[in-house]
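coords.tsv, holding TSV, C-alpha atoms:
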```tsv
chain	number	residue	atom	x	y	z
A	1	MET	CA	21.58	18.16	-7.88
A	2	ASP	CA	19.30	17.72	-10.87
A	3	LEU	CA	16.56	15.12	-10.24
A	4	GLU	CA	17.08	13.31	-13.55
A	5	GLU	CA	20.83	13.15	-12.94
A	6	LEU	CA	20.22	11.60	-9.53
A	7	LEU	CA	17.73	9.08	-10.95
A	8	ARG	CA	20.26	8.04	-13.62
A	9	ALA	CA	22.86	7.50	-10.90
A	10	MET	CA	20.38	5.42	-8.90
A	11	ASP	CA	19.44	3.36	-11.98
A	12	ARG	CA	23.10	2.54	-12.62
A	13	THR	CA	23.63	1.78	-8.96
A	14	ALA	CA	20.66	-0.60	-9.04
A	15	ALA	CA	22.15	-2.34	-12.09
A	16	ASN	CA	25.51	-2.72	-10.31
A	17	LEU	CA	23.73	-4.05	-7.24
A	18	SER	CA	21.91	-6.64	-9.35
A	19	LYS	CA	25.25	-7.78	-10.77
A	20	LEU	CA	26.63	-8.21	-7.26
A	21	GLU	CA	23.52	-10.09	-6.14
A	22	SER	CA	23.86	-12.43	-9.11
A	23	LEU	CA	27.56	-12.91	-8.39
A	24	TRP	CA	26.81	-13.74	-4.76
A	25	GLU	CA	24.31	-16.42	-5.82
A	26	ARG	CA	27.13	-18.06	-7.82
A	27	ALA	CA	29.56	-17.70	-4.92
A	28	LYS	CA	27.37	-19.05	-2.12
A	29	PRO	CA	27.81	-22.75	-3.00
A	30	PHE	CA	31.56	-22.37	-2.37
A	31	ILE	CA	31.11	-20.98	1.16
A	32	PRO	CA	32.16	-23.79	3.52
A	33	GLY	CA	29.80	-25.04	6.18
A	34	GLY	CA	32.48	-27.04	7.96
A	35	PRO	CA	36.18	-27.92	7.97
A	36	GLN	CA	37.97	-27.85	4.62
A	37	ARG	CA	41.32	-26.90	3.15
A	38	GLY	CA	42.19	-24.67	0.23
A	39	SER	CA	40.13	-22.55	-2.13
A	40	HIS	CA	38.70	-23.01	-5.64
A	41	PRO	CA	39.77	-21.31	-8.92
A	42	GLU	CA	36.19	-20.36	-9.87
A	43	TYR	CA	35.58	-18.81	-6.44
A	44	ASP	CA	38.85	-16.90	-6.71
A	45	ASP	CA	37.62	-15.39	-9.99
A	46	LEU	CA	34.34	-14.43	-8.34
A	47	THR	CA	36.26	-12.77	-5.52
A	48	MET	CA	38.13	-10.57	-8.00
A	49	ALA	CA	34.91	-9.73	-9.88
A	50	TRP	CA	33.28	-8.75	-6.56
A	51	ALA	CA	36.14	-6.36	-5.85
A	52	ASP	CA	35.81	-4.86	-9.35
A	53	LEU	CA	32.07	-4.24	-8.88
A	54	LEU	CA	32.12	-2.74	-5.37
A	55	PRO	CA	33.15	0.77	-6.56
A	56	GLY	CA	29.84	0.84	-8.46
A	57	LEU	CA	27.96	1.16	-5.16
A	58	PRO	CA	28.18	4.77	-3.97
A	59	SER	CA	27.62	5.60	-0.32
A	60	ILE	CA	24.05	6.00	0.89
A	61	ASP	CA	23.77	8.13	4.02
A	62	GLY	CA	27.47	7.55	4.62
A	63	TRP	CA	27.43	3.75	4.22
A	64	THR	CA	28.28	1.30	1.47
A	65	ILE	CA	29.63	-2.23	1.10
A	66	THR	CA	33.40	-2.39	1.47
A	67	SER	CA	34.10	-5.96	2.59
A	68	PRO	CA	35.53	-8.45	0.08
A	69	LEU	CA	34.09	-11.91	-0.36
A	70	PRO	CA	35.17	-14.25	2.45
A	71	ASP	CA	38.46	-16.12	2.20
A	72	ILE	CA	37.06	-19.64	2.03
A	73	ALA	CA	40.45	-21.22	2.73
A	74	ALA	CA	40.71	-19.24	5.97
A	75	MET	CA	37.09	-20.12	6.82
A	76	GLY	CA	37.73	-23.82	6.31
A	77	GLN	CA	40.81	-23.65	8.54
A	78	SER	CA	38.83	-21.77	11.21
A	79	PHE	CA	36.22	-24.55	11.26
A	80	ILE	CA	39.05	-27.01	11.90
A	81	GLU	CA	40.39	-24.91	14.76
A	82	TYR	CA	36.97	-24.47	16.36
A	83	ARG	CA	36.45	-28.23	16.21
A	84	GLU	CA	39.79	-28.84	17.90
A	85	ILE	CA	38.86	-26.60	20.82
A	86	ASN	CA	35.28	-27.96	20.87
A	87	GLU	CA	33.53	-24.59	20.48
A	88	LEU	CA	30.66	-23.58	18.22
A	89	PRO	CA	31.93	-21.78	15.08
A	90	ASP	CA	29.26	-19.04	15.13
A	91	ALA	CA	31.78	-16.34	14.19
A	92	VAL	CA	32.84	-18.32	11.12
A	93	HIS	CA	29.25	-18.78	9.96
A	94	ALA	CA	28.73	-15.02	10.40
A	95	VAL	CA	31.64	-14.34	8.03
A	96	GLY	CA	29.98	-16.50	5.38
A	97	GLU	CA	26.62	-14.77	5.79
A	98	LYS	CA	27.96	-11.20	5.72
A	99	PRO	CA	27.91	-10.61	1.92
A	100	GLY	CA	24.21	-11.53	1.67
A	101	ALA	CA	23.36	-9.37	4.67
A	102	ASP	CA	25.32	-6.44	3.22
A	103	LEU	CA	23.53	-6.73	-0.14
A	104	ALA	CA	20.12	-6.80	1.54
A	105	ALA	CA	21.01	-3.75	3.63
A	106	TYR	CA	22.21	-1.83	0.58
A	107	ARG	CA	19.09	-2.74	-1.41
A	108	TYR	CA	16.94	-1.48	1.47
A	109	ARG	CA	18.85	1.81	1.65
A	110	LEU	CA	18.77	2.31	-2.12
A	111	ASP	CA	15.00	1.77	-2.32
A	112	ARG	CA	14.49	4.15	0.58
A	113	ALA	CA	16.71	6.81	-1.02
A	114	ARG	CA	14.83	6.55	-4.32
A	115	ARG	CA	11.48	6.99	-2.57
A	116	ARG	CA	12.90	10.01	-0.76
A	117	ALA	CA	14.17	11.54	-4.01
A	118	ALA	CA	10.89	11.00	-5.89
A	119	ARG	CA	8.39	11.88	-3.18
A	120	GLY	CA	8.22	15.65	-3.62
A	121	ARG	CA	7.95	15.53	-7.40
A	122	LEU	CA	5.34	12.75	-7.24
A	123	GLU	CA	3.17	14.95	-5.05
A	124	GLN	CA	3.44	17.77	-7.61
A	125	LEU	CA	2.53	15.45	-10.49
A	126	ILE	CA	-0.44	13.99	-8.61
A	127	SER	CA	-1.73	17.52	-8.05
A	128	ILE	CA	-1.33	18.29	-11.77
A	129	VAL	CA	-3.38	15.24	-12.78
A	130	ASP	CA	-6.01	15.90	-10.10
A	131	ALA	CA	-6.50	19.45	-11.35
A	132	SER	CA	-6.36	18.66	-15.08
A	133	LEU	CA	-8.78	15.72	-15.30
A	134	PRO	CA	-12.02	17.63	-14.52
A	135	VAL	CA	-11.07	20.40	-16.95
A	136	ALA	CA	-10.16	17.92	-19.70
A	137	LEU	CA	-13.55	16.19	-19.42
A	138	LYS	CA	-15.73	19.27	-19.12
A	139	GLY	CA	-18.73	18.88	-21.42
A	140	VAL	CA	-17.68	15.41	-22.65
A	141	ALA	CA	-20.50	12.84	-22.66
A	142	ARG	CA	-19.94	9.61	-20.68
A	143	ASP	CA	-20.39	7.43	-23.77
A	144	SER	CA	-18.54	9.69	-26.21
A	145	LEU	CA	-16.58	7.90	-28.94
A	146	ASP	CA	-14.96	11.10	-30.19
A	147	PRO	CA	-11.19	11.42	-29.74
A	148	LEU	CA	-10.35	13.71	-26.86
A	149	GLN	CA	-7.16	15.71	-27.10
A	150	ASN	CA	-6.53	19.09	-25.56
A	151	ASP	CA	-3.95	20.90	-23.47
A	152	GLN	CA	-5.11	19.13	-20.32
A	153	THR	CA	-4.93	15.59	-21.76
A	154	GLU	CA	-1.42	16.31	-23.03
A	155	GLN	CA	-0.44	17.61	-19.61
A	156	ILE	CA	-1.90	14.50	-17.96
A	157	GLU	CA	-0.06	12.16	-20.34
A	158	ALA	CA	3.22	13.96	-19.68
A	159	ALA	CA	2.66	13.80	-15.92
A	160	VAL	CA	1.82	10.08	-16.02
A	161	GLY	CA	4.95	9.42	-18.08
A	162	GLU	CA	7.10	11.22	-15.54
A	163	ILE	CA	5.42	9.32	-12.71
A	164	ALA	CA	6.43	6.06	-14.41
A	165	ARG	CA	10.02	7.32	-14.58
A	166	LEU	CA	10.01	8.21	-10.90
A	167	LEU	CA	8.51	4.90	-9.78
A	168	GLY	CA	10.86	2.81	-11.90
A	169	HIS	CA	10.22	-0.93	-11.65
A	170	ALA	CA	7.61	-0.33	-8.92
A	171	ALA	CA	5.23	1.01	-11.60
A	172	ASN	CA	4.77	-2.54	-12.91
A	173	ASP	CA	3.11	-3.51	-9.63
A	174	THR	CA	0.62	-0.63	-9.68
A	175	GLY	CA	-2.94	-2.04	-9.89
A	176	ARG	CA	-4.59	-0.31	-12.86
A	177	TRP	CA	-1.43	1.14	-14.39
A	178	TRP	CA	-1.81	-0.64	-17.73
A	179	ASP	CA	-5.55	0.12	-17.86
A	180	LEU	CA	-4.65	3.79	-17.47
A	181	HIS	CA	-2.15	3.63	-20.33
A	182	ARG	CA	-4.57	1.70	-22.55
A	183	HIS	CA	-7.33	4.25	-22.05
A	184	MET	CA	-4.92	7.13	-22.71
A	185	ARG	CA	-3.79	5.40	-25.89
A	186	PHE	CA	-7.34	5.01	-27.28
A	187	SER	CA	-8.18	8.48	-25.89
A	188	GLN	CA	-11.88	8.56	-26.69
A	189	GLY	CA	-14.27	10.43	-24.44
A	190	HIS	CA	-15.49	7.31	-22.66
A	191	ASP	CA	-11.87	6.21	-22.12
A	192	TRP	CA	-11.15	9.41	-20.23
A	193	HIS	CA	-14.28	8.92	-18.15
A	194	ASP	CA	-12.95	5.47	-17.22
A	195	ILE	CA	-9.67	7.09	-16.26
A	196	VAL	CA	-11.44	9.52	-13.94
A	197	GLU	CA	-13.79	6.97	-12.39
A	198	PHE	CA	-11.61	3.86	-12.17
A	199	ASP	CA	-7.99	4.06	-13.32
A	200	TRP	CA	-6.67	7.23	-11.74
A	201	PRO	CA	-8.18	6.74	-8.24
A	202	ALA	CA	-6.60	3.28	-8.04
A	203	VAL	CA	-3.27	4.35	-9.52
A	204	ARG	CA	-3.17	7.45	-7.36
A	205	ALA	CA	-3.60	5.41	-4.18
A	206	ASP	CA	-0.86	3.01	-5.27
A	207	ILE	CA	1.51	5.87	-6.08
A	208	THR	CA	0.93	7.36	-2.64
A	209	ALA	CA	1.54	3.98	-1.00
A	210	LYS	CA	4.74	3.38	-2.97
A	211	SER	CA	6.11	6.82	-2.16
A	212	LEU	CA	6.12	5.79	1.51
A	213	GLY	CA	7.55	2.42	2.48
A	214	ASP	CA	6.46	0.63	5.66
A	215	SER	CA	9.56	1.94	7.44
A	216	ASP	CA	9.23	5.51	6.15
A	217	PRO	CA	7.77	7.92	8.70
A	218	LEU	CA	4.82	10.02	7.62
A	219	PRO	CA	6.00	13.56	6.86
A	220	VAL	CA	5.68	15.98	9.76
A	221	PRO	CA	6.70	19.64	10.04
A	222	ASP	CA	10.09	20.44	11.53
A	223	ILE	CA	8.77	21.85	14.79
A	224	ASP	CA	8.85	21.18	18.51
A	225	LEU	CA	5.32	19.93	19.14
A	226	GLY	CA	5.37	20.90	22.80
A	227	HIS	CA	6.45	24.48	22.06
A	228	ALA	CA	3.88	24.78	19.28
A	229	ALA	CA	1.10	23.48	21.54
A	230	SER	CA	1.97	26.10	24.16
A	231	GLY	CA	1.77	28.97	21.68
A	232	HIS	CA	-1.16	30.97	20.36
A	233	LEU	CA	-3.15	28.73	18.01
A	234	THR	CA	-5.59	29.99	15.39
A	235	GLY	CA	-8.32	28.36	13.32
A	236	SER	CA	-10.35	25.31	14.25
A	237	ALA	CA	-10.16	21.52	13.96
A	238	THR	CA	-12.00	19.79	11.14
A	239	LEU	CA	-13.63	16.39	10.86
A	240	ALA	CA	-13.80	16.39	7.05
A	241	LEU	CA	-11.54	13.86	5.34
A	242	PRO	CA	-10.35	13.74	1.69
A	243	TRP	CA	-12.09	10.46	0.81
A	244	GLU	CA	-11.12	10.84	-2.86
A	245	ARG	CA	-7.59	9.83	-1.94
A	246	LEU	CA	-8.75	6.25	-1.37
A	247	ASP	CA	-9.73	3.65	-3.93
A	248	ASP	CA	-12.16	0.82	-3.08
A	249	ASP	CA	-9.42	-1.41	-1.68
A	250	GLY	CA	-7.96	1.43	0.37
A	251	PHE	CA	-11.39	2.21	1.83
A	252	GLU	CA	-11.87	-1.41	2.85
A	253	ARG	CA	-8.45	-1.54	4.49
A	254	LEU	CA	-9.24	1.66	6.37
A	255	LEU	CA	-12.47	0.08	7.65
A	256	TYR	CA	-10.57	-3.06	8.67
A	257	ASP	CA	-8.13	-1.04	10.78
A	258	LEU	CA	-10.93	1.09	12.23
A	259	LEU	CA	-13.03	-1.93	13.23
A	260	ARG	CA	-10.05	-3.59	14.88
A	261	SER	CA	-9.44	-0.49	16.99
A	262	ILE	CA	-12.87	-0.69	18.68
A	263	PRO	CA	-12.55	-2.62	21.99
A	264	GLU	CA	-15.94	-4.33	21.64
A	265	HIS	CA	-14.94	-5.91	18.33
A	266	GLU	CA	-13.24	-9.28	18.23
A	267	ASN	CA	-12.14	-11.59	15.43
A	268	VAL	CA	-12.33	-8.93	12.70
A	269	GLN	CA	-11.61	-10.60	9.35
A	270	TRP	CA	-12.06	-10.44	5.61
A	271	LEU	CA	-14.72	-12.77	4.22
A	272	MET	CA	-13.36	-14.91	1.41
A	273	GLN	CA	-16.51	-14.68	-0.70
A	274	THR	CA	-19.36	-12.23	-0.84
A	275	ARG	CA	-22.98	-12.30	-1.86
A	276	ALA	CA	-23.13	-8.54	-1.87
A	277	PRO	CA	-25.03	-7.19	-4.88
A	278	ASP	CA	-22.23	-4.76	-5.77
A	279	ARG	CA	-19.58	-7.51	-5.45
A	280	GLY	CA	-17.80	-5.52	-2.77
A	281	ARG	CA	-15.78	-7.40	-0.18
A	282	ASP	CA	-17.37	-7.84	3.21
A	283	LEU	CA	-15.77	-7.92	6.63
A	284	SER	CA	-17.06	-9.78	9.65
A	285	LEU	CA	-16.57	-9.41	13.39
A	286	ASP	CA	-17.87	-10.61	16.72
A	287	ARG	CA	-19.42	-7.77	18.70
A	288	VAL	CA	-19.09	-8.23	22.46
A	289	LEU	CA	-22.18	-7.16	24.44
A	290	ARG	CA	-21.97	-6.71	28.21
A	291	ASP	CA	-24.69	-5.82	30.72
A	292	GLY	CA	-24.50	-4.38	34.20
A	293	SER	CA	-24.98	-7.79	35.87
A	294	GLY	CA	-21.76	-9.12	34.41
A	295	GLY	CA	-23.37	-11.05	31.58
A	296	VAL	CA	-21.44	-11.24	28.31
A	297	ARG	CA	-22.47	-12.48	24.89
A	298	THR	CA	-21.27	-12.01	21.33
A	299	GLU	CA	-23.12	-11.53	18.09
A	300	ARG	CA	-21.89	-11.88	14.54
A	301	VAL	CA	-21.85	-8.69	12.46
A	302	ILE	CA	-21.18	-8.27	8.74
A	303	VAL	CA	-19.71	-4.98	7.53
A	304	GLN	CA	-20.29	-3.93	3.92
A	305	ALA	CA	-17.96	-1.27	2.46
A	306	LYS	CA	-19.39	1.09	-0.15
A	307	HIS	CA	-16.86	3.65	-1.35
A	308	TRP	CA	-19.46	5.60	-3.30
A	309	ARG	CA	-18.50	9.20	-3.95
A	310	SER	CA	-20.59	9.99	-7.02
A	311	ARG	CA	-23.94	8.75	-5.69
A	312	SER	CA	-25.68	8.08	-2.39
A	313	VAL	CA	-26.60	4.62	-1.13
A	314	ASN	CA	-30.34	4.14	-1.75
A	315	ALA	CA	-33.00	1.95	-0.18
A	316	ALA	CA	-32.63	-0.78	-2.81
A	317	ALA	CA	-28.94	-1.19	-2.00
A	318	VAL	CA	-29.67	-1.38	1.74
A	319	SER	CA	-32.45	-3.91	1.21
A	320	GLU	CA	-30.29	-6.11	-1.03
A	321	THR	CA	-27.46	-6.06	1.49
A	322	ALA	CA	-29.85	-7.04	4.30
A	323	THR	CA	-31.16	-9.94	2.21
A	324	ALA	CA	-27.62	-11.10	1.40
A	325	GLY	CA	-26.79	-11.13	5.12
A	326	LYS	CA	-29.46	-13.75	5.75
A	327	LEU	CA	-27.77	-16.14	3.30
A	328	TRP	CA	-24.52	-16.46	5.23
A	329	SER	CA	-23.83	-19.80	6.84
A	330	PRO	CA	-23.92	-20.09	10.67
A	331	PRO	CA	-23.31	-18.50	13.05
A	332	LEU	CA	-26.38	-16.38	12.48
A	333	VAL	CA	-25.73	-12.83	11.35
A	334	ARG	CA	-27.33	-10.57	13.96
A	335	GLY	CA	-26.24	-7.23	12.57
A	336	ILE	CA	-25.13	-5.57	9.35
A	337	VAL	CA	-23.15	-2.36	9.17
A	338	ILE	CA	-23.21	-0.54	5.82
A	339	ALA	CA	-20.33	1.93	5.79
A	340	THR	CA	-19.98	4.47	3.01
A	341	SER	CA	-17.60	7.33	2.30
A	342	GLY	CA	-20.66	9.17	0.94
A	343	ARG	CA	-24.22	9.44	2.20
A	344	PHE	CA	-27.48	7.54	2.39
A	345	THR	CA	-30.62	8.72	0.67
A	346	ALA	CA	-33.64	9.66	2.81
A	347	ASP	CA	-35.50	6.56	1.63
A	348	ALA	CA	-32.54	4.36	2.63
A	349	VAL	CA	-32.56	5.79	6.15
A	350	SER	CA	-36.36	5.35	6.37
A	351	TRP	CA	-36.14	1.76	5.14
A	352	ALA	CA	-33.49	0.86	7.73
A	353	GLU	CA	-35.40	2.54	10.56
A	354	ARG	CA	-38.63	0.75	9.60
A	355	HIS	CA	-36.80	-2.58	9.29
A	356	ASN	CA	-35.22	-2.20	12.74
A	357	ALA	CA	-38.45	-0.97	14.37
A	358	GLU	CA	-40.22	-4.14	13.21
A	359	GLY	CA	-37.62	-6.21	15.01
A	360	ALA	CA	-36.48	-7.92	11.81
A	361	THR	CA	-33.03	-9.47	11.66
A	362	PRO	CA	-30.35	-8.66	10.93
A	363	TYR	CA	-30.28	-5.25	12.58
A	364	ILE	CA	-29.15	-2.60	10.08
A	365	ASP	CA	-26.67	0.07	11.14
A	366	LEU	CA	-25.86	2.83	8.63
A	367	TRP	CA	-22.47	4.54	8.82
A	368	PRO	CA	-22.33	7.59	6.51
A	369	GLU	CA	-19.15	9.62	6.01
A	370	SER	CA	-20.04	11.84	8.98
A	371	ARG	CA	-20.01	8.90	11.39
A	372	LEU	CA	-16.78	7.54	9.95
A	373	GLU	CA	-15.18	10.96	10.26
A	374	THR	CA	-16.23	11.17	13.91
A	375	LEU	CA	-14.83	7.70	14.66
A	376	LEU	CA	-11.57	8.53	12.87
A	377	ALA	CA	-11.31	11.89	14.64
A	378	GLN	CA	-11.07	9.85	17.85
A	379	ARG	CA	-8.38	7.68	16.21
A	380	PRO	CA	-6.34	10.17	14.15
A	381	HIS	CA	-3.40	7.76	13.85
A	382	ILE	CA	-5.52	5.46	11.66
A	383	ALA	CA	-6.59	8.30	9.35
A	384	ALA	CA	-2.98	9.49	9.10
A	385	ALA	CA	-1.68	5.99	8.31
A	386	HIS	CA	-4.08	5.84	5.34
A	387	GLY	CA	-3.11	9.28	4.04
A	388	LEU	CA	-6.27	11.07	5.18
A	389	ARG	CA	-4.59	13.43	7.66
```
For the structure just supplied, provide its representation as structure tokens.
Amino acid sequence: MDLEELLRAMDRTAANLSKLESLWERAKPFIPGGPQRGSHPEYDDLTMAWADLLPGLPSIDGWTITSPLPDIAAMGQSFIEYREINELPDAVHAVGEKPGADLAAYRYRLDRARRRAARGRLEQLISIVDASLPVALKGVARDSLDPLQNDQTEQIEAAVGEIARLLGHAANDTGRWWDLHRHMRFSQGHDWHDIVEFDWPAVRADITAKSLGDSDPLPVPDIDLGHAASGHLTGSATLALPWERLDDDGFERLLYDLLRSIPEHENVQWLMQTRAPDRGRDLSLDRVLRDGSGGVRTERVIVQAKHWRSRSVNAAAVSETATAGKLWSPPLVRGIVIATSGRFTADAVSWAERHNAEGATPYIDLWPESRLETLLAQRPHIAAAHGLR
């Protein structure tokens, strides 16, 4: 089936579903909660309208809504009968709740089907934009005010437009979506640099997240893993991760999940405010320290996330972060971890080593991409959940 034809069918189905949801909101006040006799003319009209709309919901994976609205006269009589025999009318309440439950189930299935239909094409379009952006900006100064229009920018604009069509209403919730469109509309050189550095990484991460719902399994090959593992395997395993797939928020969430997975870490949490010089959000945790005699103590550690791909973290950034750590209110910060998806400069490493050798607090621990990749290699499920495997 043609993709656009399927999307049109899904759009119309979503419109029919919205009509039914609105109709149900009008019908709910008439659903009896106890004994009563008879029906109501307005509810009878709603019942007929419900029946007229149901054919507008095609089957999804073999299921659709087929039940009419409840017969409120019969429900009221059932409440009377249950009262006479002194039993709880749970079955009657279930009849009154069924339309709402059916609508919620259909909405869930429709959203899942749309994600399934769009996923493959979204991956193609993301690849097109990823490949076209560097070519489009080749030789363009960062502060250029000249209009930029070439084959690549036109291809990017077309791909972004199609992405919006595939996402539907979900595009409105995408973080920097409107920034991306604004910069494409002005289309000066510096606008396209903003797209590369800020808009597209954030939008790309959101698109990837929206193409997989919380209940959607990550894609895996159609193989028997046990048989494959027993066969002749070639190549080698790699630690390297595609950090460019994450925006700043995605990197911080990855760190949060990674920190929580380490047994010696307790009470991992986001800090509501930060004094970090780059305004990045910090995380905090209690590190549990045990010795061979059975002694146990905890120390507070602040974790600073720096998703820096275009430059390395230098000594000034490390020093400023260490200074900011001293300003936090009690309990005393004993350690600071600076985690980056890039690298640290030689002077940053020297500064941290000198600082720690002098016994100054807080102790500075530097986590470059290589250390993060090693930690995540030991926890591949976390990397996979964030789209890095």
Legend entry - Two-atom distance - atom CA of Gly38 of chain A, atom CA of Ser22 of chain A (Å):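 Here the two named atoms are 23.9 Å from each other.
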Inset, instruction - Quote the spacing between atom CA of Leu225 of chain A and atom CA of Arg389 of chain A in Å to one decimal place. - result: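 We find that atom CA of Leu225 of chain A and atom CA of Arg389 of chain A lie 16.5 Å from each other.
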Legend entry - Selected residue, from A:Leu241, A:Ala136, A:Gly33, A:Ala305, that lies nearest to Ile195 of chain A when counting all atoms listed in the file: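 Result for the nearest residue to Ile195 of chain A: A:Ala136.
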Legend entry - Shortest interatomic distance to Pro89 of chain A - which of A:Pro70, A:Gly120, A:Pro35, A:Gly56, counting only C-alpha atoms: A:Pro35
Inset, instruction - Tell me which protein, DNA and RNA residues are within 8 Å of Pro201 of chain A, counting only C-alpha atoms, leaving out same-chain ones fewer than 6 positions away, and put them as a VMD selection string. - result: chain A and resid 244 to 247
Contacts of segment 280-294 of chain A at 9 Å (all atoms listed in the file; same-chain gap of 5+ positions) as an mmCIF file with C-alpha atoms, keeping the file's coordinate frame:
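Ended up saving to around19.cif:
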```cif
data_model
loop_
_atom_site.group_PDB
_atom_site.id
_atom_site.type_symbol
_atom_site.label_atom_id
_atom_site.label_comp_id
_atom_site.auth_asym_id
_atom_site.auth_seq_id
_atom_site.Cartn_x
_atom_site.Cartn_y
_atom_site.Cartn_z
ATOM 1 C CA ASP A 248 -12.160 0.820 -3.080
ATOM 2 C CA ASP A 249 -9.420 -1.410 -1.680
ATOM 3 C CA GLU A 252 -11.870 -1.410 2.850
ATOM 4 C CA LEU A 255 -12.470 0.080 7.650
ATOM 5 C CA TYR A 256 -10.570 -3.060 8.670
ATOM 6 C CA LEU A 259 -13.030 -1.930 13.230
ATOM 7 C CA ARG A 260 -10.050 -3.590 14.880
ATOM 8 C CA PRO A 263 -12.550 -2.620 21.990
ATOM 9 C CA GLU A 264 -15.940 -4.330 21.640
ATOM 10 C CA HIS A 265 -14.940 -5.910 18.330
ATOM 11 C CA GLU A 266 -13.240 -9.280 18.230
ATOM 12 C CA ASN A 267 -12.140 -11.590 15.430
ATOM 13 C CA VAL A 268 -12.330 -8.930 12.700
ATOM 14 C CA GLN A 269 -11.610 -10.600 9.350
ATOM 15 C CA TRP A 270 -12.060 -10.440 5.610
ATOM 16 C CA LEU A 271 -14.720 -12.770 4.220
ATOM 17 C CA MET A 272 -13.360 -14.910 1.410
ATOM 18 C CA GLN A 273 -16.510 -14.680 -0.700
ATOM 19 C CA THR A 274 -19.360 -12.230 -0.840
ATOM 20 C CA ARG A 275 -22.980 -12.300 -1.860
ATOM 21 C CA GLU A 299 -23.120 -11.530 18.090
ATOM 22 C CA ARG A 300 -21.890 -11.880 14.540
ATOM 23 C CA VAL A 301 -21.850 -8.690 12.460
ATOM 24 C CA ILE A 302 -21.180 -8.270 8.740
ATOM 25 C CA VAL A 303 -19.710 -4.980 7.530
ATOM 26 C CA GLN A 304 -20.290 -3.930 3.920
ATOM 27 C CA ALA A 305 -17.960 -1.270 2.460
ATOM 28 C CA LYS A 306 -19.390 1.090 -0.150
#
```
Inset, instruction - Would you kindly return, as a ChimeraX atom specification, each protein, DNA or RNA residue with an atom no farther than 10 Å from any atom of segment 101-115 of chain A, considering all atoms listed in the file and excluding same-chain residues fewer than 5 positions away? - result: /A:6-7,10-11,13-14,17-18,20-21,24,57-61,63-67,94,96,120,122,166-168,210-213,215-216
Inset, instruction - Calculate how many Å separate atom CA of Thr361 of chain A from atom CA of His307 of chain A, rounding to one decimal. - result: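 These atoms are spaced 24.6 Å apart.
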Could you name the residues that touch Asn150 of chain A at 12 Å or less, counting only C-alpha atoms, but leaving out those on the same chain fewer than 2 positions away, as a short mmCIF file (atom, residue, chain, number, x, y, z; two decimals) with C-alpha atoms, in the coordinates of the input?
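Final output, saved to out-v8.cif:
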```cif
data_model
loop_
_atom_site.label_atom_id
_atom_site.label_comp_id
_atom_site.auth_asym_id
_atom_site.auth_seq_id
_atom_site.Cartn_x
_atom_site.Cartn_y
_atom_site.Cartn_z
CA SER A 132 -6.36 18.66 -15.08
CA LEU A 133 -8.78 15.72 -15.30
CA VAL A 135 -11.07 20.40 -16.95
CA ALA A 136 -10.16 17.92 -19.70
CA LEU A 137 -13.55 16.19 -19.42
CA LYS A 138 -15.73 19.27 -19.12
CA PRO A 147 -11.19 11.42 -29.74
CA LEU A 148 -10.35 13.71 -26.86
CA GLN A 152 -5.11 19.13 -20.32
CA THR A 153 -4.93 15.59 -21.76
CA GLU A 154 -1.42 16.31 -23.03
CA GLN A 155 -0.44 17.61 -19.61
CA ILE A 156 -1.90 14.50 -17.96
CA GLU A 157 -0.06 12.16 -20.34
CA SER A 187 -8.18 8.48 -25.89
CA GLN A 188 -11.88 8.56 -26.69
CA GLY A 189 -14.27 10.43 -24.44
CA TRP A 192 -11.15 9.41 -20.23
#
```
Inset, instruction - Write out as a ChimeraX atom specification the residues lying within 12 Å of Ala240 of chain A, counting all atoms listed in the file and excluding same-chain residues fewer than 3 positions away. - result: /A:236-237,243-244,341-342,369-377,383,388-389
Is it possible to get the axis-aligned box enclosing segment 334-350 of chain A (all listed atoms, 5 Å extra per side) as AutoDock Vina command-line options, with centre and edge lengths in Å rounded to one decimal?
```
--center_x -27.0 --center_y -0.5 --center_z 7.3 --size_x 28.8 --size_y 30.2 --size_z 23.3
```
Please complete segment 114-119 of chain A so it has N, CA, C and O atoms, and hand it over as a compact mmCIF listing (two decimals), in the frame of the given file.
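Output (selection_26.txt):
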```txt
# COMPACT_ATOMS: atom_id res chain seq x y z
N ARG A 114 15.58 6.23 -3.11
CA ARG A 114 14.83 6.55 -4.32
C ARG A 114 13.44 7.09 -3.97
O ARG A 114 12.96 8.03 -4.59
N ARG A 115 12.78 6.48 -2.99
CA ARG A 115 11.48 6.99 -2.57
C ARG A 115 11.61 8.42 -2.06
O ARG A 115 10.78 9.28 -2.36
N ARG A 116 12.68 8.68 -1.31
CA ARG A 116 12.90 10.01 -0.76
C ARG A 116 13.12 11.03 -1.88
O ARG A 116 12.59 12.14 -1.84
N ALA A 117 13.88 10.62 -2.90
CA ALA A 117 14.17 11.54 -4.01
C ALA A 117 12.92 11.85 -4.83
O ALA A 117 12.73 12.97 -5.31
N ALA A 118 12.05 10.84 -5.00
CA ALA A 118 10.89 11.00 -5.89
C ALA A 118 9.68 11.61 -5.22
O ALA A 118 8.79 12.14 -5.89
N ARG A 119 9.63 11.58 -3.89
CA ARG A 119 8.39 11.88 -3.18
C ARG A 119 7.84 13.27 -3.50
O ARG A 119 6.66 13.44 -3.81
```
